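File shown here: my_file-v2.cif, holding mmCIF, C-alpha atoms (C1' of nucleotides).
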```cif
data_data
loop_
_atom_site.label_atom_id
_atom_site.label_comp_id
_atom_site.auth_asym_id
_atom_site.auth_seq_id
_atom_site.Cartn_x
_atom_site.Cartn_y
_atom_site.Cartn_z
CA MET A 1 26.72 17.11 19.87
CA TYR A 2 24.85 17.08 23.15
CA THR A 3 23.71 20.68 23.32
CA LEU A 4 20.12 20.03 22.38
CA LEU A 5 19.77 17.12 24.75
CA LEU A 6 21.30 19.05 27.63
CA ASP A 7 18.93 21.92 26.94
CA SER A 8 16.02 19.53 27.11
CA LEU A 9 17.28 18.03 30.36
CA ALA A 10 17.92 21.43 31.88
CA LYS A 11 14.26 22.30 31.49
CA HIS A 12 13.27 19.63 33.98
CA VAL A 13 16.24 18.55 36.11
CA SER A 14 19.66 19.91 36.96
CA LEU A 15 22.64 17.63 36.52
CA THR A 16 26.23 17.92 37.70
CA GLU A 17 29.09 17.81 35.21
CA GLN A 18 29.86 14.27 36.37
CA GLU A 19 26.32 13.13 35.80
CA ILE A 20 26.34 14.66 32.35
CA ASN A 21 29.52 12.79 31.52
CA LEU A 22 28.04 9.55 32.70
CA LEU A 23 24.86 10.13 30.75
CA THR A 24 26.59 10.98 27.51
CA SER A 25 28.85 7.95 27.83
CA TYR A 26 25.74 5.81 27.38
CA LEU A 27 24.58 7.52 24.22
CA ILE A 28 25.26 6.06 20.82
CA PRO A 29 24.97 8.44 17.88
CA LYS A 30 23.47 7.20 14.67
CA THR A 31 22.73 8.83 11.35
CA LEU A 32 19.88 7.90 9.06
CA LYS A 33 19.23 8.72 5.46
CA LYS A 34 15.92 10.03 4.22
CA LYS A 35 13.28 7.27 4.27
CA GLU A 36 15.34 4.98 6.52
CA TYR A 37 13.47 3.27 9.35
CA LEU A 38 14.21 3.42 13.03
CA LEU A 39 11.46 0.92 13.77
CA ARG A 40 9.03 -1.20 11.80
CA GLU A 41 5.66 -2.61 12.72
CA GLY A 42 6.08 -5.86 14.66
CA GLU A 43 9.48 -4.97 16.04
CA ILE A 44 10.15 -4.20 19.69
CA HIS A 45 11.39 -0.72 20.30
CA HIS A 46 14.18 -1.15 22.85
CA LYS A 47 16.02 2.05 22.20
CA ALA A 48 15.24 5.45 23.65
CA THR A 49 15.91 7.85 20.79
CA PHE A 50 16.64 11.56 20.92
CA VAL A 51 16.53 13.54 17.67
CA ASN A 52 19.62 15.70 17.32
CA GLN A 53 19.05 16.74 13.76
CA GLY A 54 16.43 15.99 11.17
CA CYS A 55 12.87 14.83 11.41
CA PHE A 56 10.94 11.60 12.01
CA ILE A 57 7.38 10.46 11.69
CA MET A 58 5.73 7.63 13.55
CA TYR A 59 2.78 6.12 11.71
CA SER A 60 0.58 3.05 11.59
CA LEU A 61 -1.05 1.39 8.61
CA ASP A 62 -4.78 0.66 8.76
CA LYS A 63 -6.46 -2.38 7.23
CA ASN A 64 -6.74 -0.53 3.90
CA GLY A 65 -3.03 0.17 3.89
CA LYS A 66 -3.48 3.86 4.57
CA ALA A 67 -0.88 5.52 6.75
CA HIS A 68 -1.87 7.52 9.82
CA VAL A 69 0.79 9.73 11.36
CA ALA A 70 0.60 9.56 15.15
CA GLN A 71 3.68 11.61 15.97
CA ILE A 72 6.10 14.01 14.33
CA ALA A 73 9.47 14.60 15.98
CA VAL A 74 12.11 17.16 15.07
CA GLU A 75 15.41 18.21 16.64
CA GLY A 76 15.15 18.35 20.41
CA TRP A 77 12.40 15.74 20.74
CA TRP A 78 12.42 12.11 21.72
CA VAL A 79 10.84 9.84 19.15
CA GLY A 80 9.40 6.35 19.15
CA ASP A 81 6.75 4.04 20.42
CA ILE A 82 6.85 4.61 24.16
CA TYR A 83 4.41 1.80 24.73
CA SER A 84 6.54 -0.80 22.99
CA PHE A 85 9.58 0.58 24.79
CA PHE A 86 8.08 0.19 28.26
CA THR A 87 6.22 -3.05 27.76
CA LEU A 88 8.67 -4.64 25.33
CA LYS A 89 5.71 -5.63 23.21
CA PRO A 90 5.88 -5.51 19.40
CA SER A 91 5.00 -2.12 18.05
CA ASP A 92 2.10 -1.29 15.73
CA TYR A 93 4.07 1.61 14.30
CA PHE A 94 6.72 2.54 11.81
CA VAL A 95 9.25 5.22 12.69
CA GLU A 96 10.77 6.72 9.59
CA ALA A 97 13.27 9.49 8.89
CA VAL A 98 11.64 12.15 6.74
CA GLU A 99 15.02 13.70 5.98
CA LYS A 100 18.68 12.93 6.64
CA SER A 101 18.79 12.74 10.42
CA GLU A 102 21.02 12.19 13.40
CA VAL A 103 19.91 10.62 16.66
CA LEU A 104 21.33 9.66 20.06
CA GLN A 105 20.25 6.28 21.36
CA MET A 106 20.30 4.32 24.55
CA ASN A 107 19.15 0.75 25.19
CA LYS A 108 16.38 0.14 27.64
CA GLU A 109 18.67 -1.89 29.93
CA GLU A 110 21.19 0.91 29.97
CA LEU A 111 18.49 3.41 30.74
CA GLU A 112 17.47 1.29 33.74
CA GLU A 113 21.10 1.31 34.86
CA LEU A 114 21.20 5.05 34.48
CA TYR A 115 18.03 5.42 36.57
CA ILE A 116 19.87 3.77 39.45
CA LYS A 117 22.98 5.88 39.12
CA ILE A 118 21.13 9.13 38.45
CA PRO A 119 17.65 8.92 39.92
CA LYS A 120 16.86 12.38 38.57
CA MET A 121 16.79 10.83 35.11
CA GLU A 122 13.74 8.85 36.07
CA ARG A 123 12.00 12.08 36.89
CA TYR A 124 12.98 13.54 33.55
CA PHE A 125 11.51 10.65 31.60
CA ARG A 126 8.42 10.49 33.73
CA ILE A 127 7.72 14.12 32.84
CA LEU A 128 8.25 13.43 29.15
CA VAL A 129 5.79 10.56 29.26
CA GLN A 130 3.27 12.74 31.05
CA ASN A 131 3.63 15.37 28.36
CA ALA A 132 3.16 12.81 25.61
CA TYR A 133 0.04 11.63 27.38
CA ILE A 134 -1.39 15.16 27.56
CA SER A 135 -0.54 15.80 23.98
CA TYR A 136 -2.56 12.81 22.79
CA ARG A 137 -5.41 13.64 25.12
CA ASN A 138 -5.59 17.16 23.72
CA ARG A 139 -5.40 15.88 20.18
CA VAL A 140 -8.43 13.66 20.79
CA VAL A 141 -10.49 16.70 21.67
CA SER A 142 -9.09 18.95 18.97
CA SER A 143 -9.41 16.37 16.21
CA MET A 144 -13.07 16.04 17.00
CA SER A 145 -14.04 19.61 17.73
CA THR A 146 -11.77 21.73 15.53
CA PRO A 147 -12.07 22.13 11.76
CA ALA A 148 -9.12 21.14 9.62
CA VAL A 149 -8.01 24.71 8.84
CA GLU A 150 -7.50 25.49 12.48
CA ARG A 151 -5.71 22.22 13.08
CA TYR A 152 -3.37 23.13 10.26
CA LEU A 153 -2.72 26.60 11.70
CA GLN A 154 -2.07 24.95 15.04
CA PHE A 155 0.39 22.60 13.35
CA LEU A 156 2.22 25.60 11.83
CA LYS A 157 2.59 27.11 15.28
CA THR A 158 3.75 23.90 16.92
CA TYR A 159 6.28 23.05 14.23
CA PRO A 160 7.40 26.37 12.72
CA GLY A 161 8.94 26.01 9.28
CA LEU A 162 8.27 22.29 9.18
CA GLU A 163 5.65 22.66 6.47
CA GLN A 164 8.54 23.22 4.07
CA ARG A 165 10.54 20.25 5.24
CA ILE A 166 8.02 17.46 5.11
CA PRO A 167 5.71 16.51 2.25
CA LEU A 168 2.17 17.79 2.14
CA TYR A 169 0.71 14.31 2.25
CA THR A 170 2.50 13.61 5.52
CA ILE A 171 1.08 16.73 7.13
CA ALA A 172 -2.33 15.80 5.76
CA SER A 173 -2.07 12.39 7.38
CA TYR A 174 -1.04 13.95 10.69
CA LEU A 175 -4.05 16.28 10.54
CA GLY A 176 -6.41 13.53 9.47
CA VAL A 177 -7.36 14.93 6.06
CA ARG A 178 -6.66 13.91 2.46
CA PRO A 179 -3.77 15.55 0.63
CA GLU A 180 -6.06 17.08 -2.03
CA PHE A 181 -7.99 18.84 0.67
CA LEU A 182 -4.95 20.20 2.47
CA SER A 183 -3.71 21.48 -0.86
CA ARG A 184 -6.94 23.45 -1.28
CA LEU A 185 -6.73 24.73 2.29
CA ARG A 186 -3.25 26.06 1.67
CA LYS A 187 -4.42 27.82 -1.45
CA LYS A 188 -7.21 29.54 0.44
CA LEU A 189 -4.90 30.56 3.25
CA ALA A 190 -2.44 31.99 0.73
CA LYS A 191 -5.14 34.14 -0.88
CA GLY A 192 -7.41 35.27 1.89
CA SER A 193 -5.40 37.15 4.50
CA ILE A 194 -3.64 34.55 6.57
CA SER A 195 -4.28 33.28 10.07
CA MET B 1 -17.39 -4.09 48.43
CA TYR B 2 -13.91 -4.73 47.10
CA THR B 3 -14.61 -7.53 44.65
CA LEU B 4 -14.35 -5.41 41.52
CA LEU B 5 -11.15 -3.75 42.64
CA LEU B 6 -9.55 -7.04 43.61
CA ASP B 7 -10.48 -8.45 40.21
CA SER B 8 -8.81 -5.53 38.53
CA LEU B 9 -5.69 -5.92 40.65
CA ALA B 10 -5.55 -9.65 40.07
CA LYS B 11 -5.26 -9.04 36.34
CA HIS B 12 -1.88 -7.41 36.78
CA VAL B 13 -0.34 -8.28 40.16
CA SER B 14 -0.87 -10.90 42.82
CA LEU B 15 -1.30 -9.75 46.40
CA THR B 16 -1.23 -11.65 49.69
CA GLU B 17 -4.18 -11.49 52.05
CA GLN B 18 -2.19 -9.16 54.29
CA GLU B 19 -1.45 -6.80 51.46
CA ILE B 20 -5.09 -6.76 50.48
CA ASN B 21 -6.07 -5.86 54.02
CA LEU B 22 -3.56 -3.05 54.09
CA LEU B 23 -4.73 -1.75 50.74
CA THR B 24 -8.40 -1.77 51.61
CA SER B 25 -7.72 -0.03 54.90
CA TYR B 26 -6.65 3.01 52.88
CA LEU B 27 -9.80 3.16 50.80
CA ILE B 28 -12.61 5.53 51.59
CA PRO B 29 -15.99 4.75 50.04
CA LYS B 30 -18.14 7.56 48.79
CA THR B 31 -21.49 7.71 47.08
CA LEU B 32 -22.56 10.33 44.59
CA LYS B 33 -25.94 11.27 43.25
CA LYS B 34 -26.67 11.71 39.59
CA LYS B 35 -25.05 14.94 38.28
CA GLU B 36 -22.78 15.33 41.30
CA TYR B 37 -19.18 16.29 40.65
CA LEU B 38 -16.05 14.47 41.69
CA LEU B 39 -13.86 17.21 40.25
CA ARG B 40 -14.34 20.62 38.65
CA GLU B 41 -12.18 22.56 36.26
CA GLY B 42 -9.49 24.44 38.15
CA GLU B 43 -9.37 22.01 41.04
CA ILE B 44 -6.48 19.71 41.77
CA HIS B 45 -7.34 16.09 41.60
CA HIS B 46 -5.62 14.52 44.59
CA LYS B 47 -7.69 11.43 44.92
CA ALA B 48 -7.27 8.20 43.02
CA THR B 49 -10.81 7.05 42.35
CA PHE B 50 -12.07 3.58 41.56
CA VAL B 51 -15.65 3.18 40.31
CA ASN B 52 -17.45 0.46 42.21
CA GLN B 53 -20.88 1.16 40.88
CA GLY B 54 -22.34 3.66 38.48
CA CYS B 55 -20.84 5.73 35.73
CA PHE B 56 -18.76 8.88 35.32
CA ILE B 57 -17.76 11.15 32.50
CA MET B 58 -14.72 13.39 32.34
CA TYR B 59 -15.17 16.38 30.04
CA SER B 60 -13.73 19.78 29.24
CA LEU B 61 -15.47 22.92 28.05
CA ASP B 62 -14.14 24.67 24.97
CA LYS B 63 -14.15 28.43 24.46
CA ASN B 64 -17.70 28.24 23.07
CA GLY B 65 -18.87 26.46 26.18
CA LYS B 66 -19.32 23.16 24.39
CA ALA B 67 -18.52 20.02 26.37
CA HIS B 68 -16.13 17.42 25.03
CA VAL B 69 -16.12 14.06 26.75
CA ALA B 70 -12.57 12.76 27.10
CA GLN B 71 -13.27 9.69 29.17
CA ILE B 72 -16.16 7.48 30.23
CA ALA B 73 -15.72 5.23 33.25
CA VAL B 74 -18.05 2.53 34.52
CA GLU B 75 -17.80 -0.06 37.31
CA GLY B 76 -14.34 -1.59 37.46
CA TRP B 77 -12.49 1.42 36.03
CA TRP B 78 -10.44 4.16 37.59
CA VAL B 79 -11.64 7.63 36.76
CA GLY B 80 -10.14 11.09 36.84
CA ASP B 81 -7.57 13.45 35.49
CA ILE B 82 -4.36 11.45 35.78
CA TYR B 83 -2.32 14.43 34.73
CA SER B 84 -3.62 16.66 37.50
CA PHE B 85 -3.19 13.78 39.93
CA PHE B 86 0.48 13.24 39.12
CA THR B 87 1.53 16.84 38.66
CA LEU B 88 -0.82 18.35 41.23
CA LYS B 89 -1.67 21.00 38.69
CA PRO B 90 -5.22 22.34 38.35
CA SER B 91 -7.31 20.23 36.06
CA ASP B 92 -8.96 21.37 32.83
CA TYR B 93 -11.69 18.81 33.32
CA PHE B 94 -14.95 18.13 35.06
CA VAL B 95 -15.66 14.66 36.40
CA GLU B 96 -19.36 14.10 36.83
CA ALA B 97 -21.54 11.18 37.92
CA VAL B 98 -23.94 10.26 35.15
CA GLU B 99 -25.99 8.14 37.50
CA LYS B 100 -26.07 7.34 41.21
CA SER B 101 -22.58 5.99 41.84
CA GLU B 102 -20.27 4.57 44.42
CA VAL B 103 -16.50 4.98 44.43
CA LEU B 104 -13.46 4.02 46.48
CA GLN B 105 -10.91 6.76 47.01
CA MET B 106 -7.37 7.17 48.20
CA ASN B 107 -5.36 10.35 48.65
CA LYS B 108 -2.20 10.83 46.66
CA GLU B 109 -0.05 10.91 49.79
CA GLU B 110 -1.54 7.66 50.98
CA LEU B 111 -0.95 6.11 47.61
CA GLU B 112 2.73 7.08 47.87
CA GLU B 113 2.82 5.43 51.28
CA LEU B 114 1.25 2.34 49.84
CA TYR B 115 3.84 2.24 47.06
CA ILE B 116 6.53 1.92 49.72
CA LYS B 117 4.75 -0.78 51.67
CA ILE B 118 3.57 -2.71 48.60
CA PRO B 119 5.87 -1.96 45.67
CA LYS B 120 3.73 -4.15 43.45
CA MET B 121 1.09 -1.44 43.59
CA GLU B 122 3.37 0.88 41.74
CA ARG B 123 3.52 -1.66 38.96
CA TYR B 124 -0.25 -1.90 38.89
CA PHE B 125 -0.73 1.82 38.49
CA ARG B 126 2.05 2.13 35.96
CA ILE B 127 0.25 -0.41 33.79
CA LEU B 128 -3.02 1.47 34.14
CA VAL B 129 -1.37 4.70 33.04
CA GLN B 130 0.19 2.94 30.07
CA ASN B 131 -3.20 1.62 29.06
CA ALA B 132 -4.75 5.06 29.34
CA TYR B 133 -1.97 6.38 27.14
CA ILE B 134 -2.59 3.75 24.48
CA SER B 135 -6.26 4.33 24.60
CA TYR B 136 -5.87 8.04 23.80
CA ARG B 137 -3.29 7.33 21.13
CA ASN B 138 -5.66 4.91 19.42
CA ARG B 139 -8.52 7.35 19.71
CA VAL B 140 -6.48 10.01 17.90
CA VAL B 141 -6.06 7.72 14.92
CA SER B 142 -9.60 6.38 14.95
CA SER B 143 -11.22 9.79 15.35
CA MET B 144 -9.44 10.95 12.24
CA SER B 145 -9.64 7.88 10.04
CA THR B 146 -12.89 6.18 11.00
CA PRO B 147 -16.38 7.41 10.13
CA ALA B 148 -18.76 8.15 12.98
CA VAL B 149 -20.92 5.04 12.45
CA GLU B 150 -17.98 2.75 13.03
CA ARG B 151 -16.85 4.74 16.03
CA TYR B 152 -20.31 4.30 17.47
CA LEU B 153 -20.28 0.56 16.85
CA GLN B 154 -16.89 0.45 18.50
CA PHE B 155 -18.32 2.31 21.46
CA LEU B 156 -21.12 -0.24 21.77
CA LYS B 157 -18.56 -3.03 21.90
CA THR B 158 -16.36 -1.28 24.43
CA TYR B 159 -19.20 -0.31 26.75
CA PRO B 160 -21.92 -2.93 26.28
CA GLY B 161 -25.32 -1.76 27.44
CA LEU B 162 -24.07 1.69 28.30
CA GLU B 163 -25.98 3.28 25.43
CA GLN B 164 -29.09 2.82 27.56
CA ARG B 165 -27.58 4.26 30.71
CA ILE B 166 -26.16 7.54 29.51
CA PRO B 167 -27.87 10.22 27.43
CA LEU B 168 -27.46 10.31 23.69
CA TYR B 169 -25.85 13.74 23.75
CA THR B 170 -23.11 12.45 26.04
CA ILE B 171 -22.28 9.60 23.72
CA ALA B 172 -22.34 12.05 20.81
CA SER B 173 -19.85 14.26 22.60
CA TYR B 174 -17.59 11.29 23.32
CA LEU B 175 -17.70 10.31 19.66
CA GLY B 176 -17.18 13.86 18.46
CA VAL B 177 -20.48 14.31 16.62
CA ARG B 178 -23.61 16.39 17.23
CA PRO B 179 -26.56 14.75 18.99
CA GLU B 180 -28.86 15.25 15.98
CA PHE B 181 -26.45 13.30 13.86
CA LEU B 182 -26.06 10.42 16.28
CA SER B 183 -29.84 10.21 16.51
CA ARG B 184 -29.98 9.74 12.73
CA LEU B 185 -27.20 7.18 12.83
CA ARG B 186 -29.09 5.13 15.38
CA LYS B 187 -32.19 5.24 13.23
CA LYS B 188 -30.28 3.96 10.22
CA LEU B 189 -28.66 1.19 12.24
CA ALA B 190 -32.04 0.14 13.61
CA LYS B 191 -33.49 -0.18 10.12
CA GLY B 192 -30.73 -1.50 7.90
CA SER B 193 -29.45 -4.79 9.29
CA ILE B 194 -27.11 -3.92 12.12
CA SER B 195 -23.34 -3.96 12.36
"C1'" DC C 1 16.40 14.42 -20.11
"C1'" DG C 2 13.17 11.21 -18.72
"C1'" DT C 3 10.79 8.90 -15.15
"C1'" DC C 4 8.57 8.62 -10.98
"C1'" DT C 5 6.35 10.78 -7.33
"C1'" DA C 6 4.06 14.70 -5.30
"C1'" DT C 7 0.92 18.42 -5.85
"C1'" DT C 8 -2.79 20.84 -7.92
"C1'" DT C 9 -7.27 21.34 -10.10
"C1'" DG C 10 -12.05 20.05 -11.38
"C1'" DA C 11 -16.48 17.87 -10.82
"C1'" DA C 12 -19.50 15.03 -8.37
"C1'" DT C 13 -20.64 12.96 -3.94
"C1'" DG C 14 -21.08 11.97 0.87
"C1'" DT C 15 -20.66 12.92 5.57
"C1'" DA C 16 -21.67 15.74 9.19
"C1'" DC C 17 -23.41 20.35 10.82
"C1'" DT C 18 -26.75 24.29 11.64
"C1'" DC C 19 -31.08 26.06 12.65
"C1'" DA C 20 -35.73 25.48 13.65
"C1'" DA C 21 -39.51 23.10 15.22
"C1'" DA C 22 -42.04 19.15 16.83
"C1'" DA C 23 -42.43 15.11 19.62
"C1'" DG C 24 -41.21 12.37 23.66
"C1'" DC C 25 -40.10 11.76 28.45
"C1'" DG C 26 -39.33 12.42 33.32
"C1'" DG C 27 -39.77 14.72 37.33
"C1'" DT C 28 -42.27 17.87 40.37
"C1'" DG C 29 -45.89 20.23 42.50
"C1'" DG C 30 -50.57 20.91 43.05
"C1'" DC D 1 -52.41 10.96 40.24
"C1'" DC D 2 -52.35 13.98 36.71
"C1'" DA D 3 -50.83 18.18 34.39
"C1'" DC D 4 -47.31 20.92 33.35
"C1'" DC D 5 -42.57 22.31 32.66
"C1'" DG D 6 -38.04 21.61 31.18
"C1'" DC D 7 -34.89 18.90 29.04
"C1'" DT D 8 -33.68 15.26 25.58
"C1'" DT D 9 -34.49 13.24 21.29
"C1'" DT D 10 -36.27 13.21 16.73
"C1'" DT D 11 -37.31 15.11 12.21
"C1'" DG D 12 -36.83 18.30 8.24
"C1'" DA D 13 -34.52 21.38 5.11
"C1'" DG D 14 -30.61 23.69 3.69
"C1'" DT D 15 -25.50 24.17 3.91
"C1'" DA D 16 -20.63 23.48 4.73
"C1'" DC D 17 -16.83 20.65 5.14
"C1'" DA D 18 -14.23 17.04 3.39
"C1'" DT D 19 -13.80 12.95 0.23
"C1'" DT D 20 -13.43 10.36 -4.16
"C1'" DC D 21 -11.92 9.76 -8.71
"C1'" DA D 22 -9.67 11.37 -12.65
"C1'" DA D 23 -6.57 14.07 -15.03
"C1'" DA D 24 -3.25 17.71 -15.57
"C1'" DT D 25 0.87 19.97 -13.82
"C1'" DA D 26 4.99 20.50 -11.24
"C1'" DG D 27 9.21 18.85 -8.86
"C1'" DA D 28 12.90 15.76 -7.63
"C1'" DC D 29 16.39 12.70 -8.62
"C1'" DG D 30 19.23 9.62 -11.08
#
```

Whole structure given in structure tokens:
Amino acid sequence: MYTLLLDSLAKHVSLTEQEINLLTSYLIPKTLKKKEYLLREGEIHHKATFVNQGCFIMYSLDKNGKAHVAQIAVEGWWVGDIYSFFTLKPSDYFVEAVEKSEVLQMNKEELEELYIKIPKMERYFRILVQNAYISYRNRVVSSMSTPAVERYLQFLKTYPGLEQRIPLYTIASYLGVRPEFLSRLRKKLAKGSIS
Amino acid sequence: MYTLLLDSLAKHVSLTEQEINLLTSYLIPKTLKKKEYLLREGEIHHKATFVNQGCFIMYSLDKNGKAHVAQIAVEGWWVGDIYSFFTLKPSDYFVEAVEKSEVLQMNKEELEELYIKIPKMERYFRILVQNAYISYRNRVVSSMSTPAVERYLQFLKTYPGLEQRIPLYTIASYLGVRPEFLSRLRKKLAKGSIS
DNA sequence: CGTCTATTTGAATGTACTCAAAAGCGGTGG
DNA sequence: CCACCGCTTTTGAGTACATTCAAATAGACG
């Protein structure tokens, strides 16, 4: 149940058995069906959410009603609108389960409590936020300077096997191209020697 | 000397006269000539830097030696590689003065000291980091879903008048297009009724 | 099995890039 | 103070990357 989360924690902080017990006592498991929402535009995201199984996308809708995928999260990742979580402002994003999924959740107030009891946890989350920051910053550069094929290959590396779990049009949206075009890219990659 | 900074602070926290005096006592002014560097790739960015006058760009070089502008900062903004600052890891970026500039700086250790003496300052910087985060997140979506013309118009709104202070090729790099193309865009905008 | 949605394919178009060369502009030294 | 040099911007022509629209095909699910 908690293996993945403990692995993630272990990468950044080391916790005693007691601390682990305390931490896990705060977590509420939840399962979601395919296409269920964890968060909708306009809502405030007050739950920190760790993906134990399954896959989520976070996307916004532009004025033409087109979806733009800002984040993809699979097992072992935290998912959600960090900004809404920290500021308690309404989110501009939807967070949707792409497949049957299972998450562990904690309310913001409980997280604050936990910070006091286990200060190391604050460090852990600070590092996660820093990483999220970097990841967006890098994506700004790559989305502007790298052609779509390479961005797709990069996606394959970052999320191995995921291209078979989520629909093509979702990947296309994440990469910033139209589905028709990604379809053609895949075809080319399949013919011409890969990579 | 401190007007701009105090304005920026006032937007998020309210400080007593005493606190302001303490804060300003930590700040070291520095002037830079056009094309001087505040930070180079590989260096650790241990100074928080507020722009009092002038303009800076933060950019990285890709494997082909092409520059990609990640951030532009004018008077009233903080500039620099936040990630390197917080992690004390070497930066991937250059921070360069685009024109004769004047900044106020504080070392990381001194900032930590200040946090203890004026906890409100921690709040102020946390908000700034959140805003930087949002700004990159929005740029990811806009760079992928918005044509270059609109991104340019957006740039003009965000940085009024700046198009006359920094070279065209720098703006092009910030927008993710080639200079030749931005030149043509400008021409079109000048002819056809604007906006 | 049928329906609804997702993917593929085709043709035409538009957006942005490359390469090359000319024009403009700013600073520096004579 | 002017002439020259180097760098930035503009212009032109050809090309590549990615989109639109429309229609056909394939898959998924009840």

Using 10 Å as the limit and counting all atoms listed in the file, can you tabulate each residue of chain B that touches chain A, with its shortest atom-to-atom distance in Å and the two atoms involved, as a tab-separated table?
```
residue	atom	partner	partner_atom	distance
B:Tyr59	CA	A:Val141	CA	9.6
B:Ser60	CA	A:Val141	CA	8.8
B:Asp62	CA	A:Ser145	CA	8.8
B:Lys66	CA	A:Ser145	CA	9.2
B:Ala67	CA	A:Ser145	CA	9.7
B:His68	CA	A:Val141	CA	6.6
B:Val69	CA	A:Val141	CA	8.0
B:Ala70	CA	A:Val141	CA	7.0
B:Gln71	CA	A:Arg137	CA	9.7
B:Ile82	CA	A:Gln130	CA	9.1
B:Tyr83	CA	A:Gln130	CA	6.9
B:Phe86	CA	A:Gln130	CA	8.6
B:Thr87	CA	A:Gln130	CA	8.8
B:Arg126	CA	A:Phe86	CA	10.0
B:Ile127	CA	A:Thr87	CA	8.9
B:Val129	CA	A:Tyr133	CA	9.1
B:Gln130	CA	A:Tyr83	CA	6.9
B:Asn131	CA	A:Tyr83	CA	8.8
B:Ala132	CA	A:Tyr133	CA	8.4
B:Tyr133	CA	A:Tyr133	CA	5.6
B:Ile134	CA	A:Tyr83	CA	7.3
B:Ser135	CA	A:Arg137	CA	9.4
B:Tyr136	CA	A:Arg137	CA	5.8
B:Arg137	CA	A:Tyr136	CA	5.8
B:Asn138	CA	A:Ala70	CA	8.9
B:Arg139	CA	A:Val140	CA	6.4
B:Val140	CA	A:Val140	CA	5.0
B:Val141	CA	A:His68	CA	6.6
B:Ser142	CA	A:His68	CA	9.3
B:Ser143	CA	A:Met144	CA	6.7
B:Met144	CA	A:Gly176	CA	4.8
B:Ser145	CA	A:Gly176	CA	6.5
B:Thr146	CA	A:Gly176	CA	9.9
B:Ser173	CA	A:Met144	CA	9.0
B:Tyr174	CA	A:Val141	CA	9.1
B:Leu175	CA	A:Met144	CA	7.8
B:Gly176	CA	A:Met144	CA	4.9
B:Val177	CA	A:Met144	CA	7.6
```

Open item on the list: To test your reading of the syntax: which residues would the PyMOL selection byres ((chain D) within 8 of (chain B)) return for the file shown? Reply as a list of chain:residue names.
Closed with: D:DT8, D:DT9, D:DT10

Keeping C-alpha atoms (C1' of nucleotides) for every residue in the selection just given, could you write it to a file as a PDB file, in the frame of the given file?
```pdb
ATOM      1  C1'  DT D   8     -33.680  15.260  25.580  1.00  0.00           C
ATOM      2  C1'  DT D   9     -34.490  13.240  21.290  1.00  0.00           C
ATOM      3  C1'  DT D  10     -36.270  13.210  16.730  1.00  0.00           C
TER       4       DT D  10
END
```

- [ ] Would you kindly report the residues of chain C within 9 Å of chain B, using all atoms listed in the file, as a ChimeraX atom specification?
- [x] /C:15-17

Saved selection, atoms kept: C-alpha atoms (C1' of nucleotides), as a compact mmCIF listing (two decimals), in the coordinates of the input:
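Result written to out14.txt:
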```
# COMPACT_ATOMS: atom_id res chain seq x y z
C1' DT C 15 -20.66 12.92 5.57
C1' DA C 16 -21.67 15.74 9.19
C1' DC C 17 -23.41 20.35 10.82
```

Expanded to explicit residues, what is the PyMOL selection byres ((chain C and resi 30) around 10) for this file, as a PDB file with C-alpha atoms (C1' of nucleotides), in the frame of the given file?
```
ATOM      1  C1'  DT C  28     -42.270  17.870  40.370  1.00  0.00           C
ATOM      2  C1'  DG C  29     -45.890  20.230  42.500  1.00  0.00           C
TER       3       DG C  29
ATOM      4  C1'  DC D   2     -52.350  13.980  36.710  1.00  0.00           C
ATOM      5  C1'  DA D   3     -50.830  18.180  34.390  1.00  0.00           C
TER       6       DA D   3
END
```

Task: Nearest candidate to Met58 of chain B (options B:Gly80, B:Gly42, B:Pro90, B:Pro29; using all atoms listed in the file) - done: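 Of the candidates, the smallest distance to Met58 of chain B is held by B:Gly80.
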
Open item on the list: Using Å and a single decimal, report how far atom CA of Ala97 of chain B sits from atom CA of Ile20 of chain B.
Closed with: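 It comes out at 27.4 Å.
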
Neighbours of DA28 of chain D within 10 Å (all atoms listed in the file; same-chain residues fewer than 2 positions away dropped), as a CSV table (one decimal) with C-alpha atoms (C1' of nucleotides), in the frame of the given file?
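What follows is the written file out-v4.csv:
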```csv
chain,number,residue,atom,x,y,z
C,4,DC,C1',8.6,8.6,-11.0
C,5,DT,C1',6.4,10.8,-7.3
C,6,DA,C1',4.1,14.7,-5.3
D,26,DA,C1',5.0,20.5,-11.2
D,30,DG,C1',19.2,9.6,-11.1
```

Open item on the list: What's around Leu9 of chain A at 10 Å? Count all atoms listed in the file, leave out sequence neighbours fewer than 2 positions away in its own chain, and write the answer as a list of chain:residue names.
Closed with: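 Skipping anything fewer than 2 positions along the chain leaves A:Thr3, A:Leu4, A:Leu5, A:Leu6, A:Asp7, A:Lys11, A:His12, A:Val13, A:Ser14, A:Leu15, A:Ile20, A:Lys120, A:Met121, A:Tyr124, A:Phe125.
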